[in-house]
Protein chains: 2
Amino acid sequence: TQQLLPRWTQHVRPFRVTDSDRSIKKGIMAGDLRDLQNKVMDVFHMNCVSAVVLDEDGTGVDTEEFFQTLKDNTVLMVLRKGQKWTPQQRHLPGQM
Amino acid sequence: TQQLLPRWTQHVRPFRVTDSDRSIKKGIMAGDLRDLQNKVMDVFHMNCVSAVVLDEDGTGVDTEEFFQTLKDNTVLMVLRKGQKWTPQQRHLPGQM
């Protein structure tokens, strides 16, 4: 019966999820994008998730297929409505 | 039968696609250049794609063969008619 399941339901994997100002970061296990969004709403006390993006460059993770290509422990940023991804300020010594 | 398919239809791969002002970036899965263009039109609500270029240096990605040489997660910029690629402003500390 395991063969009948979509591949991604078989692998619950770790992700690191941060909020838009990177003040909170949580390890969250998820098997698929919907699962991640549901857990994020619990953990971050959100009613809905406007977007999930890659922390590194703000790429929107909108599809299950793209989500499944992400490596374990990828850092994701969760955005509420109206919030936007901004680049991390590291690697610019002397400017902060 | 798999042998009869063009090689690229067998590999749907992740790309990161941004618009001309880099305000939106989306993870998009595509097996070939035509597939990418179709998905880009959906995701970015465009009627037609004028050009797909490499974000890093503006190189036009016009042929299937060149597209197939791109690494997974290459950042592509999609241009509407009249839009042009411009270099990214990062890595220029002191200028921003």
# chains A, B, ... in the order shown; residues from 1 in each chain; ligands from 1
>>> interface_residues(of="chain B", to="chain A", cutoff="6 Å", atoms="only C-alpha atoms", output="PyMOL selection string")
chain B and resi 25-27
>>> calpha_fit_and_write(fixed="chain A", moving="chain B", output="CSV table (one decimal) with N, CA, C and O atoms, in the first residue's frame")
chain,number,residue,atom,x,y,z
B,1,THR,N,1.1,-1.4,-0.2
B,1,THR,CA,0.2,-0.2,-0.1
B,1,THR,C,1.1,1.1,-0.1
B,1,THR,O,0.7,2.2,-0.5
B,2,GLN,N,2.4,0.9,0.3
B,2,GLN,CA,3.2,2.1,0.3
B,2,GLN,C,3.4,2.7,-1.1
B,2,GLN,O,3.6,3.9,-1.2
B,3,GLN,N,3.3,1.9,-2.1
B,3,GLN,CA,3.5,2.3,-3.4
B,3,GLN,C,2.4,3.3,-3.9
B,3,GLN,O,2.5,4.1,-4.8
B,4,LEU,N,1.2,3.2,-3.2
B,4,LEU,CA,0.1,4.1,-3.6
B,4,LEU,C,0.2,5.5,-3.1
B,4,LEU,O,-0.5,6.4,-3.6
B,5,LEU,N,1.0,5.7,-2.1
B,5,LEU,CA,1.2,7.0,-1.5
B,5,LEU,C,2.0,7.9,-2.4
B,5,LEU,O,2.9,7.4,-3.0
B,6,PRO,N,1.7,9.2,-2.4
B,6,PRO,CA,2.6,10.1,-3.1
B,6,PRO,C,4.0,10.0,-2.5
B,6,PRO,O,4.1,9.8,-1.2
B,7,ARG,N,5.0,10.2,-3.2
B,7,ARG,CA,6.3,10.0,-2.7
B,7,ARG,C,6.6,10.8,-1.5
B,7,ARG,O,7.2,10.4,-0.5
B,8,TRP,N,6.1,12.1,-1.5
B,8,TRP,CA,6.6,13.0,-0.4
B,8,TRP,C,5.9,12.7,1.0
B,8,TRP,O,6.4,13.1,2.0
B,9,THR,N,4.8,11.9,1.0
B,9,THR,CA,4.2,11.6,2.3
B,9,THR,C,5.1,10.6,3.0
B,9,THR,O,4.9,10.4,4.2
B,10,GLN,N,6.0,10.0,2.3
B,10,GLN,CA,6.8,9.0,3.0
B,10,GLN,C,8.1,9.6,3.7
B,10,GLN,O,8.8,8.9,4.4
B,11,HIS,N,8.3,10.9,3.5
B,11,HIS,CA,9.5,11.5,4.0
B,11,HIS,C,9.2,12.7,4.8
B,11,HIS,O,9.0,13.8,4.2
B,12,VAL,N,9.1,12.6,6.1
B,12,VAL,CA,9.0,13.8,6.9
B,12,VAL,C,10.4,14.3,7.2
B,12,VAL,O,11.3,13.6,7.6
B,13,ARG,N,10.7,15.6,6.8
B,13,ARG,CA,12.0,16.1,6.8
B,13,ARG,C,12.1,17.4,7.6
B,13,ARG,O,11.1,18.1,7.8
B,14,PRO,N,13.3,17.7,8.1
B,14,PRO,CA,13.5,18.9,8.9
B,14,PRO,C,13.7,20.2,8.1
B,14,PRO,O,14.4,20.2,7.1
B,15,PHE,N,13.0,21.2,8.5
B,15,PHE,CA,13.2,22.5,7.9
B,15,PHE,C,13.4,23.5,9.0
B,15,PHE,O,13.1,23.3,10.2
B,16,ARG,N,13.9,24.7,8.7
B,16,ARG,CA,14.1,25.8,9.7
B,16,ARG,C,13.3,26.9,9.2
B,16,ARG,O,13.6,27.5,8.1
B,17,VAL,N,12.4,27.3,10.0
B,17,VAL,CA,11.4,28.3,9.5
B,17,VAL,C,11.5,29.6,10.4
B,17,VAL,O,11.5,29.5,11.6
B,18,THR,N,11.6,30.7,9.7
B,18,THR,CA,11.8,32.0,10.5
B,18,THR,C,10.6,32.9,10.1
B,18,THR,O,10.0,32.7,9.1
B,19,ASP,N,10.4,33.9,10.9
B,19,ASP,CA,9.4,34.9,10.6
B,19,ASP,C,10.0,36.0,9.8
B,19,ASP,O,11.2,36.0,9.5
B,20,SER,N,9.2,37.0,9.4
B,20,SER,CA,9.7,38.0,8.4
B,20,SER,C,10.8,38.9,8.9
B,20,SER,O,11.6,39.4,8.1
B,21,ASP,N,10.9,39.1,10.2
B,21,ASP,CA,12.0,39.9,10.8
B,21,ASP,C,13.2,39.0,11.3
B,21,ASP,O,14.1,39.6,12.0
B,22,ARG,N,13.1,37.7,11.1
B,22,ARG,CA,14.1,36.8,11.6
B,22,ARG,C,14.3,36.8,13.1
B,22,ARG,O,15.4,36.6,13.6
B,23,SER,N,13.3,37.2,13.8
B,23,SER,CA,13.5,37.2,15.3
B,23,SER,C,13.2,35.8,15.9
B,23,SER,O,13.7,35.6,17.0
B,24,ILE,N,12.4,35.0,15.2
B,24,ILE,CA,12.1,33.7,15.7
B,24,ILE,C,12.5,32.7,14.6
B,24,ILE,O,12.2,32.9,13.4
B,25,LYS,N,13.2,31.6,15.0
B,25,LYS,CA,13.4,30.5,14.0
B,25,LYS,C,13.2,29.2,14.7
B,25,LYS,O,13.7,29.0,15.8
B,26,LYS,N,12.4,28.4,14.0
B,26,LYS,CA,12.0,27.1,14.6
B,26,LYS,C,12.3,25.9,13.7
B,26,LYS,O,12.1,26.0,12.5
B,27,GLY,N,12.7,24.8,14.3
B,27,GLY,CA,12.9,23.6,13.6
B,27,GLY,C,11.5,22.9,13.4
B,27,GLY,O,10.9,22.7,14.4
B,28,ILE,N,11.1,22.7,12.2
B,28,ILE,CA,9.8,22.1,12.0
B,28,ILE,C,9.9,20.9,11.0
B,28,ILE,O,10.6,21.0,10.0
B,29,MET,N,9.3,19.8,11.4
B,29,MET,CA,9.3,18.6,10.5
B,29,MET,C,8.1,18.7,9.6
B,29,MET,O,7.0,18.9,10.1
B,30,ALA,N,8.3,18.4,8.4
B,30,ALA,CA,7.2,18.4,7.4
B,30,ALA,C,7.4,17.4,6.3
B,30,ALA,O,8.5,17.2,5.8
B,31,GLY,N,6.3,16.8,5.9
B,31,GLY,CA,6.4,15.9,4.8
B,31,GLY,C,6.0,16.5,3.5
B,31,GLY,O,6.4,16.0,2.4
B,32,ASP,N,5.2,17.5,3.5
B,32,ASP,CA,4.8,18.2,2.3
B,32,ASP,C,4.5,19.7,2.6
B,32,ASP,O,4.5,20.1,3.8
B,33,LEU,N,4.3,20.5,1.6
B,33,LEU,CA,4.2,21.9,1.8
B,33,LEU,C,2.9,22.2,2.6
B,33,LEU,O,3.0,23.1,3.5
B,34,ARG,N,1.8,21.5,2.4
B,34,ARG,CA,0.6,21.8,3.1
B,34,ARG,C,0.9,21.5,4.6
B,34,ARG,O,0.4,22.2,5.5
B,35,ASP,N,1.6,20.4,4.9
B,35,ASP,CA,1.9,20.0,6.2
B,35,ASP,C,2.7,21.1,6.9
B,35,ASP,O,2.5,21.5,8.0
B,36,LEU,N,3.7,21.6,6.2
B,36,LEU,CA,4.6,22.7,6.7
B,36,LEU,C,3.7,23.9,7.0
B,36,LEU,O,3.9,24.5,8.1
B,37,GLN,N,2.8,24.3,6.1
B,37,GLN,CA,2.0,25.5,6.3
B,37,GLN,C,1.1,25.3,7.6
B,37,GLN,O,1.0,26.2,8.4
B,38,ASN,N,0.6,24.1,7.8
B,38,ASN,CA,-0.2,23.9,8.9
B,38,ASN,C,0.6,24.0,10.2
B,38,ASN,O,0.1,24.6,11.2
B,39,LYS,N,1.7,23.4,10.2
B,39,LYS,CA,2.6,23.4,11.4
B,39,LYS,C,3.0,24.8,11.7
B,39,LYS,O,3.1,25.3,12.9
B,40,VAL,N,3.4,25.6,10.7
B,40,VAL,CA,3.8,27.0,10.8
B,40,VAL,C,2.7,27.8,11.5
B,40,VAL,O,3.0,28.6,12.3
B,41,MET,N,1.5,27.6,11.1
B,41,MET,CA,0.4,28.3,11.6
B,41,MET,C,0.2,28.1,13.1
B,41,MET,O,0.0,29.0,13.9
B,42,ASP,N,0.5,26.8,13.5
B,42,ASP,CA,0.4,26.5,15.0
B,42,ASP,C,1.6,27.1,15.7
B,42,ASP,O,1.4,27.8,16.7
B,43,VAL,N,2.8,26.9,15.2
B,43,VAL,CA,4.0,27.3,15.9
B,43,VAL,C,4.1,28.9,16.0
B,43,VAL,O,4.5,29.4,17.0
B,44,PHE,N,3.7,29.5,14.9
B,44,PHE,CA,3.8,31.0,14.9
B,44,PHE,C,2.5,31.7,15.2
B,44,PHE,O,2.4,32.9,15.1
B,45,HIS,N,1.5,30.9,15.6
B,45,HIS,CA,0.2,31.5,16.0
B,45,HIS,C,-0.4,32.4,14.9
B,45,HIS,O,-0.7,33.6,15.1
B,46,MET,N,-0.4,31.9,13.7
B,46,MET,CA,-0.9,32.6,12.5
B,46,MET,C,-2.3,32.0,12.1
B,46,MET,O,-2.5,30.8,12.2
B,47,ASN,N,-3.1,32.9,11.6
B,47,ASN,CA,-4.4,32.4,11.1
B,47,ASN,C,-4.3,31.9,9.7
B,47,ASN,O,-5.0,30.9,9.2
B,48,CYS,N,-3.4,32.5,8.9
B,48,CYS,CA,-3.1,32.0,7.6
B,48,CYS,C,-1.8,32.4,7.1
B,48,CYS,O,-1.2,33.4,7.7
B,49,VAL,N,-1.2,31.6,6.2
B,49,VAL,CA,0.1,31.9,5.7
B,49,VAL,C,0.0,32.5,4.3
B,49,VAL,O,-0.6,31.9,3.4
B,50,SER,N,0.5,33.7,4.2
B,50,SER,CA,0.4,34.4,2.9
B,50,SER,C,1.4,33.8,1.9
B,50,SER,O,1.1,33.6,0.8
B,51,ALA,N,2.6,33.6,2.4
B,51,ALA,CA,3.7,33.0,1.5
B,51,ALA,C,4.8,32.3,2.3
B,51,ALA,O,5.0,32.6,3.5
B,52,VAL,N,5.3,31.3,1.7
B,52,VAL,CA,6.6,30.7,2.2
B,52,VAL,C,7.6,30.9,1.1
B,52,VAL,O,7.5,30.6,0.0
B,53,VAL,N,8.7,31.5,1.6
B,53,VAL,CA,9.8,31.8,0.6
B,53,VAL,C,11.2,31.3,1.2
B,53,VAL,O,11.3,31.0,2.4
B,54,LEU,N,12.1,31.2,0.3
B,54,LEU,CA,13.5,30.8,0.8
B,54,LEU,C,14.1,32.0,1.5
B,54,LEU,O,14.1,33.1,0.9
B,55,ASP,N,14.6,31.8,2.7
B,55,ASP,CA,15.3,32.8,3.4
B,55,ASP,C,16.5,33.4,2.6
B,55,ASP,O,16.7,34.6,2.7
B,56,GLU,N,17.2,32.6,1.9
B,56,GLU,CA,18.4,33.1,1.3
B,56,GLU,C,18.2,34.1,0.2
B,56,GLU,O,19.0,35.0,0.0
B,57,ASP,N,17.1,34.0,-0.6
B,57,ASP,CA,16.9,34.9,-1.7
B,57,ASP,C,15.5,35.3,-2.0
B,57,ASP,O,15.2,35.9,-3.0
B,58,GLY,N,14.5,34.9,-1.1
B,58,GLY,CA,13.2,35.3,-1.2
B,58,GLY,C,12.3,34.6,-2.3
B,58,GLY,O,11.2,34.9,-2.6
B,59,THR,N,12.9,33.5,-2.8
B,59,THR,CA,12.2,32.7,-3.8
B,59,THR,C,10.9,32.1,-3.2
B,59,THR,O,11.0,31.5,-2.2
B,60,GLY,N,9.8,32.3,-3.9
B,60,GLY,CA,8.5,31.8,-3.4
B,60,GLY,C,8.4,30.3,-3.6
B,60,GLY,O,8.8,29.8,-4.6
B,61,VAL,N,8.0,29.6,-2.5
B,61,VAL,CA,7.9,28.2,-2.5
B,61,VAL,C,6.4,27.9,-2.6
B,61,VAL,O,5.7,27.8,-1.6
B,62,ASP,N,5.8,27.9,-3.8
B,62,ASP,CA,4.4,27.8,-4.0
B,62,ASP,C,3.9,26.4,-4.4
B,62,ASP,O,2.7,26.2,-4.2
B,63,THR,N,4.7,25.6,-4.8
B,63,THR,CA,4.3,24.3,-5.3
B,63,THR,C,4.9,23.1,-4.5
B,63,THR,O,6.0,23.2,-4.1
B,64,GLU,N,4.1,22.1,-4.5
B,64,GLU,CA,4.6,20.9,-3.8
B,64,GLU,C,5.8,20.3,-4.5
B,64,GLU,O,6.8,19.9,-3.8
B,65,GLU,N,5.9,20.4,-5.8
B,65,GLU,CA,7.0,19.8,-6.5
B,65,GLU,C,8.3,20.6,-6.2
B,65,GLU,O,9.3,20.0,-6.0
B,66,PHE,N,8.2,21.9,-6.1
B,66,PHE,CA,9.4,22.7,-5.8
B,66,PHE,C,9.8,22.4,-4.4
B,66,PHE,O,11.0,22.3,-4.1
B,67,PHE,N,8.8,22.4,-3.5
B,67,PHE,CA,9.1,22.1,-2.1
B,67,PHE,C,9.9,20.8,-1.9
B,67,PHE,O,10.8,20.7,-1.1
B,68,GLN,N,9.5,19.8,-2.7
B,68,GLN,CA,10.1,18.5,-2.6
B,68,GLN,C,11.6,18.5,-3.0
B,68,GLN,O,12.3,17.6,-2.7
B,69,THR,N,12.0,19.5,-3.7
B,69,THR,CA,13.4,19.6,-4.2
B,69,THR,C,14.3,20.2,-3.2
B,69,THR,O,15.5,20.2,-3.3
B,70,LEU,N,13.7,20.8,-2.1
B,70,LEU,CA,14.5,21.5,-1.1
B,70,LEU,C,15.3,20.5,-0.2
B,70,LEU,O,14.8,19.5,0.1
B,71,LYS,N,16.5,20.9,0.1
B,71,LYS,CA,17.3,20.1,1.0
B,71,LYS,C,16.8,20.1,2.4
B,71,LYS,O,16.1,21.1,2.8
B,72,ASP,N,17.1,19.0,3.2
B,72,ASP,CA,16.8,19.0,4.6
B,72,ASP,C,17.4,20.3,5.2
B,72,ASP,O,18.5,20.7,4.8
B,73,ASN,N,16.7,20.8,6.2
B,73,ASN,CA,17.2,22.0,6.9
B,73,ASN,C,17.3,23.3,6.1
B,73,ASN,O,18.0,24.2,6.5
B,74,THR,N,16.7,23.3,5.0
B,74,THR,CA,16.6,24.6,4.3
B,74,THR,C,15.9,25.6,5.2
B,74,THR,O,14.9,25.3,5.9
B,75,VAL,N,16.4,26.8,5.1
B,75,VAL,CA,15.8,27.9,5.9
B,75,VAL,C,14.7,28.6,5.1
B,75,VAL,O,14.9,29.1,4.0
B,76,LEU,N,13.5,28.5,5.6
B,76,LEU,CA,12.3,29.1,5.0
B,76,LEU,C,11.8,30.3,5.8
B,76,LEU,O,11.9,30.3,7.0
B,77,MET,N,11.3,31.3,5.1
B,77,MET,CA,10.7,32.4,5.8
B,77,MET,C,9.2,32.4,5.5
B,77,MET,O,8.7,32.2,4.4
B,78,VAL,N,8.4,32.6,6.6
B,78,VAL,CA,7.0,32.6,6.4
B,78,VAL,C,6.5,34.0,6.5
B,78,VAL,O,6.9,34.8,7.4
B,79,LEU,N,5.6,34.4,5.6
B,79,LEU,CA,5.1,35.8,5.5
B,79,LEU,C,3.6,35.9,5.8
B,79,LEU,O,2.9,35.1,5.3
B,80,ARG,N,3.3,36.8,6.6
B,80,ARG,CA,1.9,37.2,6.8
B,80,ARG,C,1.5,38.1,5.6
B,80,ARG,O,2.3,38.6,4.9
B,81,LYS,N,0.2,38.3,5.5
B,81,LYS,CA,-0.3,39.2,4.5
B,81,LYS,C,0.3,40.6,4.6
B,81,LYS,O,0.4,41.2,5.7
B,82,GLY,N,0.8,41.1,3.5
B,82,GLY,CA,1.5,42.5,3.6
B,82,GLY,C,2.9,42.5,3.9
B,82,GLY,O,3.6,43.5,3.7
B,83,GLN,N,3.5,41.3,4.4
B,83,GLN,CA,4.9,41.3,4.7
B,83,GLN,C,5.7,40.9,3.5
B,83,GLN,O,5.2,40.2,2.6
B,84,LYS,N,6.9,41.4,3.5
B,84,LYS,CA,7.8,41.1,2.3
B,84,LYS,C,9.1,40.6,2.8
B,84,LYS,O,9.6,40.9,3.9
B,85,TRP,N,9.7,39.7,2.0
B,85,TRP,CA,11.1,39.3,2.2
B,85,TRP,C,12.1,40.4,2.0
B,85,TRP,O,12.0,41.2,1.1
B,86,THR,N,13.1,40.5,2.9
B,86,THR,CA,14.2,41.4,2.8
B,86,THR,C,15.5,40.6,3.0
B,86,THR,O,15.5,39.6,3.7
B,87,PRO,N,16.6,41.0,2.3
B,87,PRO,CA,17.8,40.3,2.4
B,87,PRO,C,18.4,40.3,3.8
B,87,PRO,O,18.2,41.3,4.6
B,88,GLN,N,19.1,39.3,4.2
B,88,GLN,CA,19.8,39.2,5.5
B,88,GLN,C,21.0,40.2,5.5
B,88,GLN,O,21.6,40.4,4.5
B,89,GLN,N,21.2,40.7,6.7
B,89,GLN,CA,22.3,41.8,6.8
B,89,GLN,C,23.6,41.2,7.1
B,89,GLN,O,24.6,41.9,7.3
B,90,ARG,N,23.8,39.9,7.3
B,90,ARG,CA,25.0,39.3,7.7
B,90,ARG,C,26.0,39.3,6.5
B,90,ARG,O,25.6,39.6,5.4
B,91,HIS,N,27.2,39.0,6.8
B,91,HIS,CA,28.3,38.9,5.7
B,91,HIS,C,28.5,40.3,5.1
B,91,HIS,O,28.9,40.4,4.0
B,92,LEU,N,28.2,41.3,5.9
B,92,LEU,CA,28.5,42.7,5.4
B,92,LEU,C,29.3,43.4,6.4
B,92,LEU,O,28.8,44.4,7.0
B,93,PRO,N,30.5,42.9,6.7
B,93,PRO,CA,31.2,43.6,7.8
B,93,PRO,C,31.5,45.0,7.5
B,93,PRO,O,31.7,45.4,6.3
B,94,GLY,N,31.4,45.8,8.5
B,94,GLY,CA,31.6,47.3,8.3
B,94,GLY,C,30.3,48.0,8.0
B,94,GLY,O,30.3,49.2,8.1
B,95,GLN,N,29.2,47.3,7.8
B,95,GLN,CA,28.0,48.0,7.6
B,95,GLN,C,27.1,47.9,8.8
B,95,GLN,O,26.0,48.5,8.8
B,96,MET,N,27.5,47.1,9.8
B,96,MET,CA,26.5,46.9,10.9
B,96,MET,C,26.9,47.8,12.1
B,96,MET,O,27.9,48.2,12.3
>>> select_by_dssp(residues="chain A", states="strand (DSSP E or B)", output="VMD selection string")
chain A and resid 13 to 18 25 to 30 51 to 54 60 75 to 79
>>> select_by_dssp(residues="chain B", states="helix (DSSP H, G or I)", output="list in words")
Gln2, Gln3, Leu4, Arg7, Trp8, Thr9, Gln10, Leu33, Arg34, Asp35, Leu36, Gln37, Asn38, Lys39, Val40, Met41, Asp42, Val43, Glu64, Glu65, Phe66, Phe67 and Gln68 of chain B
